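What follows is the content of input-v9.cif, which has mmCIF, C-alpha atoms:
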data_data
loop_
_atom_site.label_atom_id
_atom_site.label_comp_id
_atom_site.auth_asym_id
_atom_site.auth_seq_id
_atom_site.Cartn_x
_atom_site.Cartn_y
_atom_site.Cartn_z
CA MET A 1 -0.12 -100.92 4.50
CA LEU A 2 2.74 -99.44 2.52
CA LYS A 3 1.76 -97.13 -0.31
CA ASN A 4 2.19 -98.65 -3.76
CA GLU A 5 4.21 -96.68 -6.26
CA VAL A 6 4.94 -97.33 -9.90
CA ILE A 7 8.53 -96.65 -10.84
CA PRO A 8 9.10 -95.18 -14.30
CA ILE A 9 11.45 -97.06 -16.56
CA ASN A 10 13.61 -94.79 -18.63
CA PHE A 11 16.41 -96.27 -20.64
CA ASP A 12 16.95 -93.17 -22.74
CA ARG A 13 19.30 -91.20 -20.54
CA PRO A 14 22.93 -92.26 -20.81
CA SER A 15 25.04 -91.25 -17.90
CA GLU A 16 27.59 -94.05 -17.71
CA ARG A 17 30.38 -94.75 -20.09
CA THR A 18 30.58 -98.42 -19.13
CA SER A 19 30.04 -100.65 -22.12
CA LEU A 20 27.80 -103.68 -22.06
CA SER A 21 30.85 -105.87 -22.48
CA ASP A 22 32.38 -104.44 -19.31
CA ALA A 23 29.07 -104.65 -17.47
CA LEU A 24 28.68 -108.32 -18.39
CA GLN A 25 32.17 -109.19 -17.24
CA ASP A 26 31.87 -107.18 -14.03
CA ASN A 27 28.48 -108.57 -13.09
CA LEU A 28 28.79 -112.13 -14.28
CA ASN A 29 29.13 -113.64 -10.81
CA ASP A 30 26.17 -111.62 -9.57
CA LEU A 31 24.03 -112.61 -12.54
CA TYR A 32 24.94 -116.26 -12.13
CA ARG A 33 24.03 -116.14 -8.46
CA PHE A 34 20.67 -114.55 -9.28
CA ALA A 35 20.11 -117.26 -11.87
CA LEU A 36 20.87 -119.82 -9.16
CA ARG A 37 18.28 -118.28 -6.89
CA LEU A 38 15.70 -118.41 -9.70
CA SER A 39 16.40 -121.87 -11.06
CA ARG A 40 17.79 -123.55 -7.93
CA ASN A 41 19.90 -125.69 -10.22
CA ALA A 42 23.52 -125.05 -11.21
CA ASP A 43 23.23 -126.32 -14.80
CA GLU A 44 20.08 -124.39 -15.50
CA ALA A 45 21.59 -121.30 -13.87
CA GLN A 46 24.49 -121.50 -16.33
CA GLU A 47 22.12 -121.83 -19.27
CA LEU A 48 20.00 -118.98 -18.04
CA THR A 49 23.02 -116.72 -17.53
CA GLN A 50 24.39 -117.53 -20.94
CA GLU A 51 21.06 -116.98 -22.66
CA THR A 52 20.71 -113.68 -20.83
CA ALA A 53 24.15 -112.56 -21.98
CA ALA A 54 23.29 -113.51 -25.57
CA ARG A 55 19.99 -111.67 -25.48
CA ALA A 56 21.56 -108.64 -23.86
CA TRP A 57 24.32 -108.66 -26.47
CA GLU A 58 21.72 -108.60 -29.24
CA ARG A 59 20.38 -105.44 -27.66
CA ARG A 60 23.77 -103.86 -27.09
CA ASP A 61 22.79 -100.70 -28.92
CA THR A 62 20.26 -99.94 -26.22
CA ILE A 63 21.11 -96.80 -24.29
CA VAL A 64 20.97 -97.74 -20.64
CA ARG A 65 21.45 -95.66 -17.53
CA ASN A 66 21.99 -98.51 -15.11
CA TRP A 67 23.62 -101.50 -16.80
CA ARG A 68 23.58 -103.67 -13.72
CA ALA A 69 19.85 -103.29 -13.06
CA TRP A 70 19.14 -103.68 -16.78
CA LEU A 71 21.07 -106.94 -16.90
CA PHE A 72 19.26 -108.29 -13.88
CA GLN A 73 15.96 -107.28 -15.41
CA THR A 74 16.94 -108.99 -18.65
CA LEU A 75 17.81 -112.15 -16.78
CA TYR A 76 14.52 -112.12 -14.92
CA HIS A 77 12.58 -111.66 -18.17
CA THR A 78 14.60 -114.44 -19.79
CA PHE A 79 13.73 -116.67 -16.85
CA LEU A 80 10.02 -115.84 -17.19
CA SER A 81 10.14 -116.52 -20.93
CA GLY A 82 11.61 -119.92 -20.20
CA LYS A 83 8.89 -120.63 -17.67
CA ARG A 84 6.18 -119.73 -20.17
CA ARG A 85 7.72 -121.93 -22.88
CA SER A 86 8.75 -124.94 -20.88
CA LYS A 87 6.48 -127.15 -18.84
CA ARG A 88 9.42 -128.50 -16.94
CA TRP A 89 9.60 -125.36 -14.77
CA ARG A 90 7.53 -125.94 -11.72
CA GLU A 91 7.42 -123.05 -9.35
CA ASP A 92 7.26 -124.27 -5.83
CA GLU A 93 5.18 -121.47 -4.40
CA ALA A 94 4.30 -123.53 -1.36
CA GLY A 95 7.86 -123.39 -0.11
CA ASP A 96 8.93 -125.07 3.07
CA PRO A 97 5.88 -126.42 4.93
CA GLU A 98 7.34 -125.17 8.19
CA MET A 99 7.66 -121.67 6.93
CA ALA A 100 4.94 -119.23 7.82
CA GLU A 101 4.93 -116.10 5.73
CA SER A 102 3.70 -114.15 8.68
CA GLY A 103 6.30 -115.69 10.95
CA SER A 104 7.40 -114.04 14.10
CA CYS A 105 9.58 -111.00 13.58
CA ALA A 106 11.15 -111.72 16.94
CA ASP A 107 12.88 -114.98 15.94
CA PRO A 108 16.52 -114.37 16.79
CA LEU A 109 19.22 -115.69 14.53
CA PRO A 110 21.28 -118.50 16.04
CA ALA A 111 24.71 -117.53 17.29
CA LEU A 112 26.35 -119.60 14.58
CA VAL A 113 24.76 -119.90 11.16
CA ALA A 114 25.98 -122.48 8.66
CA ALA A 115 26.17 -121.36 5.04
CA GLU A 116 24.33 -124.50 4.02
CA ASP A 117 21.46 -123.61 6.34
CA VAL A 118 21.25 -120.15 4.82
CA ARG A 119 21.13 -121.63 1.32
CA ARG A 120 18.53 -124.19 2.38
CA ALA A 121 16.36 -121.59 4.06
CA LEU A 122 16.61 -119.31 1.07
CA GLU A 123 15.68 -122.03 -1.39
CA SER A 124 12.70 -122.94 0.75
CA LEU A 125 11.18 -119.52 0.33
CA PRO A 126 8.54 -119.02 -2.37
CA GLU A 127 10.12 -117.48 -5.44
CA HIS A 128 8.53 -114.03 -5.07
CA LEU A 129 10.03 -113.67 -1.58
CA ARG A 130 13.34 -115.36 -2.32
CA ILE A 131 14.30 -113.10 -5.19
CA VAL A 132 13.38 -109.87 -3.41
CA VAL A 133 15.46 -110.59 -0.33
CA TRP A 134 18.34 -111.76 -2.52
CA LEU A 135 18.30 -108.67 -4.70
CA SER A 136 18.15 -106.44 -1.63
CA ASP A 137 20.38 -108.06 0.93
CA ALA A 138 22.87 -109.99 -1.15
CA GLU A 139 23.06 -107.83 -4.26
CA ASP A 140 22.49 -104.41 -2.61
CA PHE A 141 19.76 -103.23 -4.96
CA ARG A 142 17.52 -100.50 -3.66
CA LEU A 143 13.79 -101.07 -3.48
CA ARG A 144 13.20 -98.81 -6.47
CA GLU A 145 15.57 -100.85 -8.57
CA ILE A 146 14.05 -104.11 -7.35
CA ALA A 147 10.58 -102.83 -8.26
CA THR A 148 11.86 -102.02 -11.75
CA ILE A 149 13.63 -105.34 -12.20
CA LEU A 150 10.60 -107.34 -11.11
CA ASP A 151 8.03 -104.96 -12.58
CA CYS A 152 6.07 -104.56 -9.37
CA PRO A 153 5.08 -101.62 -7.20
CA ILE A 154 7.67 -100.46 -4.66
CA GLY A 155 5.24 -101.14 -1.82
CA THR A 156 4.88 -104.74 -2.93
CA ALA A 157 8.65 -105.14 -3.04
CA ALA A 158 9.00 -103.68 0.45
CA SER A 159 6.28 -105.89 1.85
CA ARG A 160 7.84 -109.01 0.33
CA LEU A 161 11.25 -108.05 1.65
CA ALA A 162 9.96 -107.74 5.20
CA ARG A 163 8.15 -111.07 4.97
CA ALA A 164 11.14 -112.82 3.44
CA ARG A 165 13.51 -111.65 6.16
CA SER A 166 11.07 -112.71 8.83
CA ALA A 167 10.64 -116.14 7.25
CA LEU A 168 14.39 -116.64 6.90
CA ARG A 169 15.01 -115.80 10.54
CA GLN A 170 12.27 -118.21 11.58
CA MET A 171 13.66 -121.07 9.48
CA LEU A 172 17.25 -120.55 10.61
CA SER A 173 16.05 -120.57 14.17
CA VAL A 174 14.18 -123.86 13.58
CA TYR A 175 17.23 -125.48 11.97
CA ALA A 176 19.43 -124.45 14.89
CA THR A 177 16.93 -125.85 17.41
CA ARG A 178 16.80 -129.19 15.57
CA LYS A 179 20.58 -129.45 15.55
CA MET A 180 20.73 -128.79 19.27
CA ARG A 181 18.18 -131.54 19.94
CA LYS A 182 20.12 -134.03 17.80
CA SER A 183 23.32 -133.30 19.63
CA MET B 1 5.66 -94.29 16.89
CA ASN B 2 5.33 -97.96 17.79
CA CYS B 3 7.65 -100.78 16.80
CA GLN B 4 5.59 -101.92 13.82
CA GLU B 5 5.48 -98.40 12.40
CA TYR B 6 9.22 -98.00 12.97
CA ARG B 7 10.05 -101.21 11.13
CA LYS B 8 7.84 -100.30 8.17
CA GLN B 9 9.24 -96.82 7.95
CA ARG B 10 12.80 -98.08 8.32
CA LEU B 11 12.41 -100.02 5.08
CA LEU B 12 11.48 -96.86 3.19
CA ASP B 13 13.81 -94.53 5.06
CA HIS B 14 16.65 -96.92 4.36
CA GLU B 15 15.61 -96.80 0.71
CA ASP B 16 16.03 -93.03 0.67
CA GLY B 17 19.29 -93.28 2.57
CA THR B 18 18.08 -91.37 5.63
CA LEU B 19 16.15 -92.22 8.74
CA SER B 20 13.40 -89.82 9.78
CA ASP B 21 13.83 -88.02 13.10
CA GLU B 22 10.85 -89.84 14.57
CA ALA B 23 12.30 -93.21 13.58
CA ARG B 24 15.72 -92.29 15.00
CA LEU B 25 14.15 -91.31 18.29
CA HIS B 26 12.21 -94.56 18.50
CA LEU B 27 15.37 -96.57 17.85
CA VAL B 28 17.27 -94.77 20.62
CA GLU B 29 14.51 -95.53 23.09
CA CYS B 30 13.49 -99.05 22.04
CA GLY B 31 15.71 -101.98 22.97
CA GLN B 32 13.58 -104.44 21.00
CA CYS B 33 13.98 -102.48 17.76
CA GLN B 34 17.70 -102.12 18.40
CA MET B 35 17.88 -105.90 18.67
CA PHE B 36 15.68 -106.24 15.56
CA GLN B 37 18.00 -103.98 13.58
CA LYS B 38 21.05 -105.97 14.69
CA GLU B 39 19.34 -109.20 13.60
CA GLU B 40 18.51 -107.70 10.21
CA GLU B 41 22.12 -106.66 9.73
CA ARG B 42 23.33 -110.14 10.74
CA LEU B 43 20.95 -111.76 8.27
CA ARG B 44 22.17 -109.44 5.56
CA ALA B 45 25.77 -110.36 6.40
CA GLU B 46 24.95 -114.08 6.16
CA LEU B 47 23.33 -113.62 2.76
CA LYS B 48 26.35 -111.68 1.55
CA LYS B 49 28.63 -114.40 2.84
CA LEU B 50 26.63 -116.94 0.85
CA ALA B 51 26.83 -114.71 -2.22
CA ASN B 52 30.61 -114.37 -1.91
CA SER B 53 30.98 -118.14 -1.79
CA GLU B 54 29.26 -118.55 -5.18
CA GLN B 55 31.15 -117.78 -8.37
CA ALA B 56 30.24 -118.23 -11.99
CA PRO B 57 31.99 -121.32 -13.38
CA VAL B 58 35.15 -120.58 -15.34
CA ALA B 59 33.74 -122.28 -18.45
CA LEU B 60 30.70 -120.00 -18.38
CA ARG B 61 32.88 -116.93 -18.06
CA ARG B 62 34.99 -118.06 -21.00
CA ARG B 63 31.95 -118.68 -23.19
CA ILE B 64 30.49 -115.27 -22.46
CA SER B 65 33.85 -113.53 -22.90
CA GLY B 66 34.22 -115.26 -26.22
CA MET B 67 30.80 -114.07 -27.27
CA VAL B 68 31.38 -110.41 -26.49
CA GLU B 69 35.02 -110.18 -27.52
CA ARG B 70 35.03 -111.51 -31.08
CA PRO B 71 35.66 -108.54 -33.37
CA ASN B 72 35.87 -110.76 -36.45
CA ALA B 73 32.58 -112.41 -35.63
CA SER B 74 31.17 -108.97 -35.09
CA LYS B 75 32.44 -107.88 -38.49
CA ARG B 76 30.97 -110.96 -40.12
CA ARG B 77 27.67 -110.25 -38.41
CA ASP B 78 27.80 -106.65 -39.61
CA LEU B 79 28.44 -107.87 -43.13
CA ARG B 80 25.47 -110.19 -42.92
CA ARG B 81 23.35 -107.33 -41.64
CA TRP B 82 24.51 -105.14 -44.51
CA MET B 83 23.62 -107.86 -46.96
CA ALA B 84 20.24 -108.32 -45.32
CA ALA B 85 19.65 -104.59 -45.54
CA ALA B 86 20.65 -104.63 -49.20
CA ALA B 87 18.27 -107.52 -49.78
CA ALA B 88 15.55 -105.58 -48.03
CA VAL B 89 16.12 -102.68 -50.42
CA VAL B 90 15.75 -105.05 -53.35
CA LEU B 91 12.55 -106.40 -51.87
CA LEU B 92 11.23 -102.92 -51.38
CA ALA B 93 11.98 -102.11 -55.01
CA GLY B 94 10.03 -105.21 -55.95
CA ALA B 95 7.16 -104.07 -53.78
CA THR B 96 6.81 -100.91 -55.79
CA ALA B 97 6.19 -103.08 -58.81
CA GLY B 98 3.68 -104.97 -56.65
CA ILE B 99 5.19 -108.27 -57.64
CA LEU B 100 7.50 -109.48 -54.86
CA TRP B 101 5.82 -107.74 -51.91
CA ASP B 102 2.83 -110.03 -51.64
CA ARG B 103 5.06 -113.09 -51.41
CA TYR B 104 6.55 -111.73 -48.16
CA THR B 105 3.45 -110.50 -46.45
CA PRO B 106 2.86 -112.82 -43.53
CA SER B 107 -0.51 -114.45 -43.30
CA PRO B 108 -2.68 -113.32 -40.36
CA GLU B 109 -1.80 -116.59 -38.60
CA ARG B 110 1.91 -115.96 -39.11
CA LEU B 111 1.54 -112.40 -37.88
CA ALA B 112 -0.25 -113.62 -34.75
CA GLN B 113 2.58 -116.09 -34.12
CA ALA B 114 5.13 -113.29 -34.44
CA PHE B 115 3.24 -111.18 -31.88
CA VAL B 116 3.12 -114.14 -29.47
CA ALA B 117 6.85 -114.78 -29.96
CA ASP B 118 7.58 -111.18 -29.02
CA TYR B 119 5.38 -111.54 -25.94
CA LEU B 120 7.26 -114.66 -24.88
CA GLN B 121 10.71 -113.26 -25.54
CA TYR B 122 10.14 -109.70 -24.47
CA LEU B 123 13.16 -107.80 -23.36
CA PRO B 124 13.40 -104.20 -22.28
CA GLY B 125 13.97 -102.37 -25.55
CA ARG B 126 15.54 -99.12 -26.56
CA GLU B 127 12.34 -97.29 -27.25
CA GLN B 128 10.11 -97.62 -24.25
CA ILE B 129 8.29 -95.38 -21.86
CA ALA B 130 6.45 -95.90 -18.62
CA ALA B 131 3.03 -94.49 -19.35
CA ASP B 132 0.95 -93.00 -16.58
CA SER B 133 -1.99 -92.41 -18.87
CA PRO B 134 -3.27 -93.40 -22.33
CA GLN B 135 -2.83 -89.79 -23.43
CA GLN B 136 0.85 -89.78 -22.44
CA ALA B 137 1.39 -93.02 -24.35
CA GLU B 138 -0.39 -91.66 -27.44
CA GLU B 139 1.74 -88.51 -27.42
CA TRP B 140 4.90 -90.57 -27.09
CA LEU B 141 3.93 -92.93 -29.92
CA GLN B 142 3.09 -90.07 -32.27
CA GLY B 143 5.97 -89.70 -34.69
CA ARG B 144 7.55 -92.97 -33.62
CA VAL B 145 5.15 -95.01 -35.75
CA ASP B 146 3.57 -93.87 -38.96
CA PHE B 147 0.03 -94.78 -38.06
CA PRO B 148 -2.26 -93.30 -35.40
CA VAL B 149 -2.51 -95.26 -32.18
CA HIS B 150 -5.49 -94.88 -29.92
CA VAL B 151 -4.49 -96.30 -26.53
CA PRO B 152 -7.49 -98.11 -25.09
CA THR B 153 -8.59 -98.56 -21.52
CA VAL B 154 -8.55 -102.27 -20.67
CA PRO B 155 -11.09 -103.41 -18.07
CA GLY B 156 -9.43 -104.69 -14.91
CA ALA B 157 -5.95 -103.69 -16.04
CA ALA B 158 -3.61 -100.74 -15.69
CA LEU B 159 -1.44 -99.34 -18.48
CA LYS B 160 2.24 -99.72 -17.61
CA THR B 161 4.42 -99.10 -20.65
CA ALA B 162 4.41 -98.30 -24.32
CA ARG B 163 7.19 -99.37 -26.62
CA ILE B 164 8.15 -99.85 -30.23
CA CYS B 165 8.94 -103.33 -31.46
CA ASP B 166 9.78 -105.00 -34.72
CA ILE B 167 7.30 -107.64 -35.86
CA SER B 168 8.00 -109.47 -39.11
CA GLY B 169 9.95 -106.50 -40.37
CA ARG B 170 7.27 -103.97 -39.46
CA LYS B 171 7.24 -101.40 -36.71
CA ALA B 172 4.52 -102.07 -34.19
CA ALA B 173 3.36 -100.26 -31.11
CA LEU B 174 3.19 -102.42 -28.03
CA LEU B 175 1.08 -101.39 -25.07
CA GLN B 176 1.59 -103.33 -21.86
CA TYR B 177 -0.97 -103.56 -19.15
CA HIS B 178 -0.95 -105.19 -15.75
CA HIS B 179 -4.02 -107.34 -15.15
CA ASN B 180 -5.00 -106.86 -11.52
CA ASP B 181 -6.89 -110.07 -10.83
CA SER B 182 -4.45 -112.51 -12.35
CA ASN B 183 -1.31 -110.44 -11.68
CA THR B 184 -0.15 -111.07 -15.24
CA SER B 185 0.65 -108.84 -18.14
CA ILE B 186 -1.46 -108.15 -21.20
CA SER B 187 0.19 -107.03 -24.41
CA ILE B 188 -1.71 -105.16 -27.09
CA PHE B 189 0.08 -104.81 -30.39
CA VAL B 190 -0.95 -102.27 -33.00
CA ALA B 191 0.54 -102.22 -36.46
CA ALA B 192 -0.34 -101.04 -39.93
CA GLU B 193 -2.45 -103.56 -41.78
CA PRO B 194 -0.51 -105.25 -44.59
CA ARG B 195 -1.71 -103.99 -47.95
CA ALA B 196 -2.27 -107.56 -49.11
CA TYR B 197 -5.00 -107.95 -46.51
CA GLU B 198 -6.76 -104.81 -47.72
CA ARG B 199 -6.30 -105.66 -51.37
CA GLU B 200 -7.69 -109.14 -50.94
CA LYS B 201 -10.40 -107.81 -48.63
CA MET B 202 -9.46 -110.43 -46.05
CA GLN B 203 -11.74 -110.75 -43.06
CA VAL B 204 -9.06 -111.04 -40.46
CA ASN B 205 -10.02 -112.49 -37.14
CA VAL B 206 -7.49 -115.00 -35.81
CA GLU B 207 -7.45 -116.64 -32.42
CA THR B 208 -4.47 -118.76 -31.49
CA SER B 209 -3.13 -120.35 -28.35
CA GLY B 210 0.03 -122.17 -27.46
CA HIS B 211 2.67 -122.29 -24.70
CA GLY B 212 -0.07 -121.18 -22.33
CA VAL B 213 -0.49 -117.93 -24.24
CA ARG B 214 -3.61 -116.79 -26.12
CA SER B 215 -3.77 -114.31 -28.96
CA VAL B 216 -6.73 -112.55 -30.51
CA LEU B 217 -5.89 -110.70 -33.73
CA TRP B 218 -8.12 -108.62 -35.96
CA CYS B 219 -8.00 -105.74 -38.40
CA HIS B 220 -9.92 -102.53 -38.23
CA ARG B 221 -9.62 -99.45 -40.47
CA GLY B 222 -6.13 -100.09 -41.74
CA LEU B 223 -4.64 -101.31 -38.48
CA VAL B 224 -3.90 -104.74 -37.07
CA TYR B 225 -4.63 -105.30 -33.40
CA ASP B 226 -3.47 -108.27 -31.38
CA VAL B 227 -4.16 -108.96 -27.72
CA VAL B 228 -1.69 -111.44 -26.20
CA ALA B 229 -1.92 -112.74 -22.64
CA THR B 230 -2.06 -115.83 -20.48
CA LEU B 231 -5.74 -115.35 -19.67
CA ASN B 232 -8.69 -117.62 -20.30
CA ASP B 233 -10.75 -117.42 -23.43
CA SER B 234 -13.58 -115.49 -21.88
CA SER B 235 -11.30 -112.76 -20.49
CA MET B 236 -9.51 -112.45 -23.82
CA GLN B 237 -12.79 -111.98 -25.67
CA GLN B 238 -13.94 -109.36 -23.17
CA ILE B 239 -10.73 -107.40 -23.59
CA ALA B 240 -10.81 -107.64 -27.37
CA GLU B 241 -14.42 -106.49 -27.43
CA ALA B 242 -13.65 -103.57 -25.12
CA ILE B 243 -10.84 -102.48 -27.44
CA ARG B 244 -13.02 -102.82 -30.55
CA GLN B 245 -15.61 -100.57 -28.98
CA GLN B 246 -13.03 -97.91 -28.19
CA THR B 247 -11.14 -97.83 -31.48
CA PRO B 248 -12.26 -95.03 -33.81
#
Render the structure in this file as structure tokens.
Amino acid sequence: MLKNEVIPINFDRPSERTSLSDALQDNLNDLYRFALRLSRNADEAQELTQETAARAWERRDTIVRNWRAWLFQTLYHTFLSGKRRSKRWREDEAGDPEMAESGSCADPLPALVAAEDVRRALESLPEHLRIVVWLSDAEDFRLREIATILDCPIGTAASRLARARSALRQMLSVYATRKMRKS
Amino acid sequence: MNCQEYRKQRLLDHEDGTLSDEARLHLVECGQCQMFQKEEERLRAELKKLANSEQAPVALRRRISGMVERPNASKRRDLRRWMAAAAAVVLLAGATAGILWDRYTPSPERLAQAFVADYLQYLPGREQIAADSPQQAEEWLQGRVDFPVHVPTVPGAALKTARICDISGRKAALLQYHHNDSNTSISIFVAAEPRAYEREKMQVNVETSGHGVRSVLWCHRGLVYDVVATLNDSSMQQIAEAIRQQTP
């Protein structure tokens, strides 16, 4: 079992001269993609990204060491606020019925992987696994940053990352097998 | 070192940017883990490829650019803020006379709603600290708010952060805890009790719920306390009672 560790949040030490305006422009694609992973809907992802930018802009006097992580954290909190307020968010924690969280680590990736299969497999993951693997492998956040963004212990983030990768490999392998049988 | 240990350690070693000597040695000797690492790197590459194929819509980019690059709008907003500040000064002058102040003191129900709204819309703020202990949080809060804050121990929950927030125009201390069983957060707000409550000798004990969130608010010795969380009624009462017993 990986050791849990609480990561301190300290927004009081400025070390970057980047303004929030620059950070928003530079990270807009990344934020939108993260919003897509959370909402799994393009229209709602746009709304979420825009609301995040507005909320972040209201807090633009905040002194922040890591704008990018702060923006992602803000987006995640905005998403959670929306979930608490709106009954129309339904988190599909069950995920794909064929996915086993403790799937085999040995599932090899198919030789050719279609982008659509990757998206489908990703969206089939339960939210808490989907967002960790996205933040790590697509957005290059370190585990410490992911733990801060999601407000969870670093051990939990690491465990979820391992499980998510395993589940993705398993699903991509299943999709490839099905395609071979059809052809 | 076996394969399972290697793969667990690789996650953390990768986090630190270095691989331990033991892990390196295992990788050199283990064909399965070499294959595993290659598969992980391929998966990462596929996720990056997916990421690169997704761009924020142009219209979204324009709207956000417009929002952050409007100096005139910013000036108008600053002017409104100045006017609001000036109005606040006038109000404060009225408060000294004891005439206008009472009209703007929120009722306990309104105050509870404001605490819940902050809970729902919480964003990382400028004044915040990760608190390892109640004592550390108390030391940090001292001087940042003009009332003493005793940071309670909440049964079944761990203190995570302390921060300053603005509730209905008043500074409040917000203590955030992580509730272990439900894996949710509990917010405890502490603020100075409005003078109107003391003057009118109001017995303040307000329980509200809405949007899946419950709030239990009460006053004790010149301070307002509010527990806000998405827990059931029984848990909320237990927490509130535990805090009441600990507050001096």
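When all atoms listed in the file are used to measure the gap to chain B, the shortest distance among A:Arg120, A:Arg84, A:Arg60, A:Arg163 belongs to A:Arg84.
Atom pair atom CA of Arg63 of chain B / atom CA of Asp61 of chain A has a distance of 21.0 Å (rounded to one decimal).
A search radius of 9 Å centred on (-5.0, -105.2, -27.3), applied to only C-alpha atoms, returns the residues Val151, Pro152, Val154, Leu174, Leu175, Gln176, Ile186, Ser187, Ile188, Phe189, Val190, Val216, Leu217, Tyr225, Asp226, Val227, Val228, Ile239, Ala240, Ile243 and Arg244 of chain B.
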Which neighbours of segment 30-34 of chain B fall inside 7 Å, counting all atoms listed in the file, when residues of the same chain fewer than 4 positions from it are skipped, and could you give them as a ChimeraX atom specification? /B:3,26,38
Could you expand the PyMOL selection byres ((chain B and resi 132) around 12) into the explicit residues it covers here, written as number ranges by chain? A: 5-9; B: 129-131, 133-140, 151, 158-162, 175-177
Excluding Val133 of chain A and its own-chain neighbours fewer than 2 positions away, which residues fall within 7 Å of it when counting all atoms listed in the file? Please give them as a VMD selection string. chain A and resid 129 to 131 135 to 137 161 164 to 165
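Across the structure, atom CA of Leu141 of chain B and atom CA of Ala192 of chain B are spaced 13.6 Å apart.
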Please evaluate the PyMOL selection byres ((chain B and resi 56-62) around 12) against the displayed coordinates and give the resulting residues as a ChimeraX atom specification. /A:24-36,42-51,53 /B:51-55,63-69
Exercise: Asp146 of chain B partners within 12 Å, only C-alpha atoms, chain neighbours under 4 positions left out, as a ChimeraX atom specification: /B:141-142,164,170-173,190-193,222-223
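Note that the spacing between atom CA of Pro108 of chain A and atom CA of Arg40 of chain A amounts to 26.4 Å.
Among the candidates A:Met171, A:Leu75, A:Ala157, A:Ala138, the residue lying nearest to chain B is A:Ala138 (atoms considered: all atoms listed in the file).
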Show me, as a ChimeraX atom specification, the residues that have an atom within 12 Å of Tyr175 of chain A when counting only C-alpha atoms, minus same-chain residues fewer than 2 positions from it. /A:98-99,109-110,112-114,116-121,168-173,177-182
Give as a ChimeraX atom specification each residue that has an atom at most 12 Å from (-14.4, -104.9, -16.8) in the file, counting all atoms listed in the file. /B:153-158,179-181,234-243
Going by the chain IDs and residue numbers used in this file, which residues fall under the PyMOL selection byres ((chain B and resi 167) around 8)? Write them as a PyMOL selection string. chain B and resi 111+114-115+118+165-166+168-172
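Counting only C-alpha atoms and comparing B:Leu11, B:Val28, B:Val224, B:Ala196, the residue that lies closest to chain A is B:Leu11.
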Nearest to chain A, chosen from B:Phe36, B:Pro108, B:Ser215, B:Gln113, with all atoms listed in the file counted in the distances: B:Phe36
Chain B proximity check over A:Ala147, A:Val174, A:Ala158, A:Ala167, using all atoms listed in the file: winner is A:Ala158
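Minimum atom-to-atom distance to chain B, evaluated using all atoms listed in the file, belongs to A:Thr62 out of A:Thr62, A:Gly82, A:Leu20, A:Leu122.
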Using only the atoms of segment 121-139 of chain A listed in the file, plus 4 Å on each side, state the axis-aligned box centre and edge lengths in Å rounded to one decimal, as lines of an AutoDock Vina configuration file.
center_x = 15.8
center_y = -114.7
center_z = -0.7
size_x = 22.5
size_y = 24.5
size_z = 17.5
